[in-house]
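A.B. asks: The structure's right below; bear with me while I get my questions together.
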Amino acid sequence: MSETVEKVKAPSEPLFSKKNKKLITDPLTDNNPVTIQVLGICSALAITVQVSQAIVMGLSVIFVTMMGNVVISMMRNAIPSRIRIIVQLVVVAALVIVVDQVLAAFLPDISSKLSVFVGLIITNCIIMGRLEAFAMGNKPWPSLLDGLGNGLGYAGLLVLVAIFRELFGSGSLLGFPIFGDAVEKTGLYAIGYQNNNLMILPPMALIIVGVIIWVQRARNQALIEEH
Amino acid sequence: MAINKDSNGYTFGFAIVLVGVVGTVLALLAMGLKPMKDRNGEVKKQLDILSAMMNLDKEGISRKNAESEFKKYINLDEAIVLNYKGEITTDVKAFDVDIQKEYKDKNLKDADKHYPLFVAKDKAGKKLYIIPVVGKGLWGPIWGNICLDEDMSTIKGASFGHKGETPGLGAEISQPFFIDRWIGEKITDENGNFMKFEIVKDGTGANPSKVDGITGGTITSKGVEEMANRCLAVYANYFNTIKSK
């Protein structure tokens, strides 16, 4: 009885319907923008040396994908199709400048660490990809969720890669030493352990991303593309 | 009547309105945040200068108490500004000189550049001299502050910063291990003549005026070398004149 009543009561889609929830959860796992769609690799290589940088970068990208998706979605019926890519670019660029300015004003230390990479969010293919593929054809609310999901998917992977790189490259996590002091030779370093310097070089990020892709596809064979 | 969204007029109109709106929003935001960013820059400068003479983490100095701590150690009334010959000029105040801006300004002649010198007192009351330096790394500007002992020659401490050097490579110039290699080096010989520094790769950094570079960060290391030599030479002239008096 109660089921039928509910159906009558809710003619419009609930805010967190199954479909909408999928918009957030899919990019986290089976449709991850980095490991499945292989987008946004460039920044994943650049700022995953330290976990703290990866977190701030991830948050910045989440903000830009969410807001970008919402703004474009609200304008989607007004944007002339011939200049839609440029319009998307202007919106993304504006949002990135907002992030850059706010970081510089409120988190000056982190802002100086991230330096050029905040500006390079503009070139992150995930953002333009979601605007073009999703926000141009959907309402603001699903677009917001889609942006949130994809941003989270990107941020999650970034942090995961950064954990490996900071732990094995610098022997610390979020700046706290885990294996002891490399200079004073305490902890693991006392018995001859050494940080892997290859970990802090960009190629290692590519290898780690590759390993993550491999593990993910080995666990879920359905993700392997047929050729 | 529906608007033809594919017409040239609509396309142009849309683009103009969009750019106008976005431009206005960003301009307002930048103006609104400017006082905070200026303040951050000032505090950063104070921290940079202090970090040349002490370990800020150990002393518990952060952005929050930077201003009061700065006043404790550094008396800005004693700070002076030199010209490129090492003579005192009085046209600007030491703290107001933006050496990074002057360094970047291609139209500014060397003769018109300013070289601030901060005089500090450590906890024991010993006089220290802090020299801001600026130069060029691999990707962008690098800068630093070099603290000289009261003999005006021995490097007592330093701090280096950079805008966007490669993490793990050139960016390591700001790390304590690299700065430790500078401590104890002398900028002048017994006669007060300036001695050039050399960044070396062969591990002979223990020799006077030689400093070991950073593996994989050669260009940034060389940038530090050039920065130190160019800037410190000016101050060596000045120290020479006061010593000979």
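Residue names in the structure tokens use chain letters A, B, ... in the order shown, residue numbers from 1 in each chain, and ligand numbers from 1 in the order shown.
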Do me a favour and pick out the residues of chain A within 10 Å of chain B, using only C-alpha atoms, as an mmCIF file with C-alpha atoms, in the first residue's frame.
C.D. replies:
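Written out: iface.cif:
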data_model
loop_
_atom_site.group_PDB
_atom_site.id
_atom_site.type_symbol
_atom_site.label_atom_id
_atom_site.label_comp_id
_atom_site.auth_asym_id
_atom_site.auth_seq_id
_atom_site.Cartn_x
_atom_site.Cartn_y
_atom_site.Cartn_z
ATOM 1 C CA ALA A 46 53.121 16.104 -11.832
ATOM 2 C CA ILE A 47 51.712 16.610 -8.374
ATOM 3 C CA THR A 48 51.652 13.164 -6.790
ATOM 4 C CA VAL A 49 55.056 13.417 -5.111
ATOM 5 C CA GLN A 50 53.430 14.464 -1.836
ATOM 6 C CA ASN A 77 20.302 25.812 -24.028
ATOM 7 C CA ALA A 78 21.727 29.269 -24.650
ATOM 8 C CA ILE A 79 25.230 28.358 -25.794
ATOM 9 C CA PRO A 80 25.672 28.746 -29.565
ATOM 10 C CA SER A 81 26.938 25.361 -30.734
ATOM 11 C CA ARG A 82 29.648 26.840 -32.939
ATOM 12 C CA ILE A 83 31.533 28.351 -30.019
ATOM 13 C CA ARG A 84 30.562 25.890 -27.307
ATOM 14 C CA ILE A 86 35.355 28.173 -26.309
ATOM 15 C CA VAL A 87 32.517 28.974 -23.913
ATOM 16 C CA VAL A 90 36.198 30.448 -20.646
ATOM 17 C CA VAL A 91 34.083 29.064 -17.810
ATOM 18 C CA ALA A 93 39.502 29.150 -16.988
ATOM 19 C CA ALA A 94 37.499 31.566 -14.853
ATOM 20 C CA LEU A 95 36.855 28.905 -12.202
ATOM 21 C CA ILE A 97 41.510 31.556 -11.599
ATOM 22 C CA VAL A 98 39.022 31.717 -8.737
ATOM 23 C CA GLN A 101 43.238 33.418 -6.164
ATOM 24 C CA VAL A 102 41.428 31.953 -3.187
ATOM 25 C CA LEU A 103 44.314 29.576 -2.471
ATOM 26 C CA ALA A 104 46.787 32.450 -2.728
ATOM 27 C CA ALA A 105 44.746 34.515 -0.268
ATOM 28 C CA PHE A 106 43.826 31.874 2.289
ATOM 29 C CA LEU A 107 46.357 29.041 1.928
ATOM 30 C CA PRO A 108 49.482 30.873 0.770
ATOM 31 C CA ASP A 109 51.882 28.071 1.683
ATOM 32 C CA SER A 112 53.137 28.364 -3.513
ATOM 33 C CA LYS A 113 53.787 24.611 -3.446
ATOM 34 C CA LEU A 114 51.210 23.821 -6.108
ATOM 35 C CA SER A 115 52.501 26.780 -8.137
ATOM 36 C CA VAL A 116 51.821 26.287 -11.830
ATOM 37 C CA PHE A 117 49.771 23.144 -11.479
ATOM 38 C CA GLY A 169 60.169 8.024 -2.356
ATOM 39 C CA SER A 170 60.485 10.176 0.752
ATOM 40 C CA VAL A 183 69.568 11.777 7.485
ATOM 41 C CA ASN A 197 64.645 8.063 -5.702
ATOM 42 C CA LEU A 198 62.926 6.787 -8.832
ATOM 43 C CA MET A 199 59.635 7.197 -6.956
ATOM 44 C CA ILE A 200 59.900 10.978 -6.923
ATOM 45 C CA LEU A 201 60.540 11.172 -10.657
ATOM 46 C CA PRO A 202 57.511 11.559 -12.949
#
A.B. asks: Using only C-alpha atoms, determine which residues lie at most 12 Å from Gly60 of chain B, disregarding the query and same-chain residues fewer than 6 positions distant; provide the list as a PyMOL selection string.
C.D. replies: chain B and resi 47+50-51+54+66+69
A.B. asks: I need the chosen residues saved as an mmCIF file, in the first residue's frame, with C-alpha atoms.
C.D. replies:
data_model
loop_
_atom_site.group_PDB
_atom_site.id
_atom_site.type_symbol
_atom_site.label_atom_id
_atom_site.label_comp_id
_atom_site.auth_asym_id
_atom_site.auth_seq_id
_atom_site.Cartn_x
_atom_site.Cartn_y
_atom_site.Cartn_z
ATOM 1 C CA LEU B 47 59.533 34.650 7.508
ATOM 2 C CA LEU B 50 64.097 35.160 9.689
ATOM 3 C CA SER B 51 64.538 31.671 8.256
ATOM 4 C CA MET B 54 67.174 30.275 12.564
ATOM 5 C CA ALA B 66 55.679 36.317 12.264
ATOM 6 C CA GLU B 69 58.954 37.695 16.196
#
A.B. asks: Taking the DSSP assignment computed from this structure's backbone, write out as a tab-separated table (two decimals) with N, CA and C atoms, in the first residue's frame all residues of segment 125-205 of chain A that belong to strand (DSSP E or B).
C.D. replies:
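The resulting file, states-v6.tsv, is reproduced below:
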chain	number	residue	atom	x	y	z
A	172	SER	N	57.76	9.16	3.95
A	172	SER	CA	56.84	9.85	4.85
A	172	SER	C	55.44	9.85	4.25
A	173	LEU	N	54.47	10.24	5.08
A	173	LEU	CA	53.10	10.41	4.61
A	173	LEU	C	52.58	11.73	5.15
A	176	PHE	N	54.85	13.46	7.58
A	176	PHE	CA	55.32	12.80	8.79
A	176	PHE	C	56.18	11.60	8.44
A	177	PRO	N	57.38	11.52	9.00
A	177	PRO	CA	58.25	10.39	8.67
A	177	PRO	C	57.65	9.07	9.17
A.B. asks: Have a look at atom CA of Asp180 of chain B and atom CA of Glu150 of chain B and let me know their distance in Å, one decimal.
C.D. replies: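 Interatomic distance here is 18.7 Å.
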A.B. asks: As a ChimeraX atom specification, please: the residues near Ser221 of chain B (cut-off 9 Å, only C-alpha atoms, same-chain neighbours under 4 positions excluded).
C.D. replies: /B:137,170,173,199,212-214,217,225-226
A.B. asks: Given the selection you just returned, output its residues as a file containing N, CA and C atoms, formatted as a PDB file, in the first residue's frame.
C.D. replies:
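Result file is part12.pdb:
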ATOM      1  N   GLY B 137      66.228  29.911 -11.740  1.00  0.00           N
ATOM      2  CA  GLY B 137      66.406  28.464 -11.715  1.00  0.00           C
ATOM      3  C   GLY B 137      66.152  27.890 -13.095  1.00  0.00           C
ATOM      4  N   GLY B 170      65.439  19.964  -8.561  1.00  0.00           N
ATOM      5  CA  GLY B 170      65.834  21.347  -8.312  1.00  0.00           C
ATOM      6  C   GLY B 170      65.183  21.928  -7.073  1.00  0.00           C
ATOM      7  N   ILE B 173      66.705  22.607  -3.390  1.00  0.00           N
ATOM      8  CA  ILE B 173      67.552  23.697  -2.899  1.00  0.00           C
ATOM      9  C   ILE B 173      66.997  24.287  -1.613  1.00  0.00           C
ATOM     10  N   ILE B 199      79.611  25.673  -7.608  1.00  0.00           N
ATOM     11  CA  ILE B 199      78.835  24.468  -7.337  1.00  0.00           C
ATOM     12  C   ILE B 199      79.547  23.318  -8.049  1.00  0.00           C
ATOM     13  N   ASP B 212      78.696  21.411  -2.886  1.00  0.00           N
ATOM     14  CA  ASP B 212      78.179  20.299  -3.685  1.00  0.00           C
ATOM     15  C   ASP B 212      76.811  20.645  -4.258  1.00  0.00           C
ATOM     16  N   GLY B 213      76.618  20.356  -5.526  1.00  0.00           N
ATOM     17  CA  GLY B 213      75.330  20.599  -6.166  1.00  0.00           C
ATOM     18  C   GLY B 213      74.342  19.487  -5.848  1.00  0.00           C
ATOM     19  N   ILE B 214      73.196  19.532  -6.499  1.00  0.00           N
ATOM     20  CA  ILE B 214      72.167  18.513  -6.272  1.00  0.00           C
ATOM     21  C   ILE B 214      72.069  17.646  -7.516  1.00  0.00           C
ATOM     22  N   GLY B 217      69.592  18.162 -10.324  1.00  0.00           N
ATOM     23  CA  GLY B 217      69.136  19.554 -10.232  1.00  0.00           C
ATOM     24  C   GLY B 217      70.255  20.501 -10.625  1.00  0.00           C
ATOM     25  N   GLU B 225      74.279  29.199  -7.613  1.00  0.00           N
ATOM     26  CA  GLU B 225      75.668  29.671  -7.676  1.00  0.00           C
ATOM     27  C   GLU B 225      75.734  31.072  -8.268  1.00  0.00           C
ATOM     28  N   GLU B 226      75.083  31.240  -9.401  1.00  0.00           N
ATOM     29  CA  GLU B 226      75.101  32.544 -10.075  1.00  0.00           C
ATOM     30  C   GLU B 226      74.458  33.602  -9.184  1.00  0.00           C
TER      31      GLU B 226
END
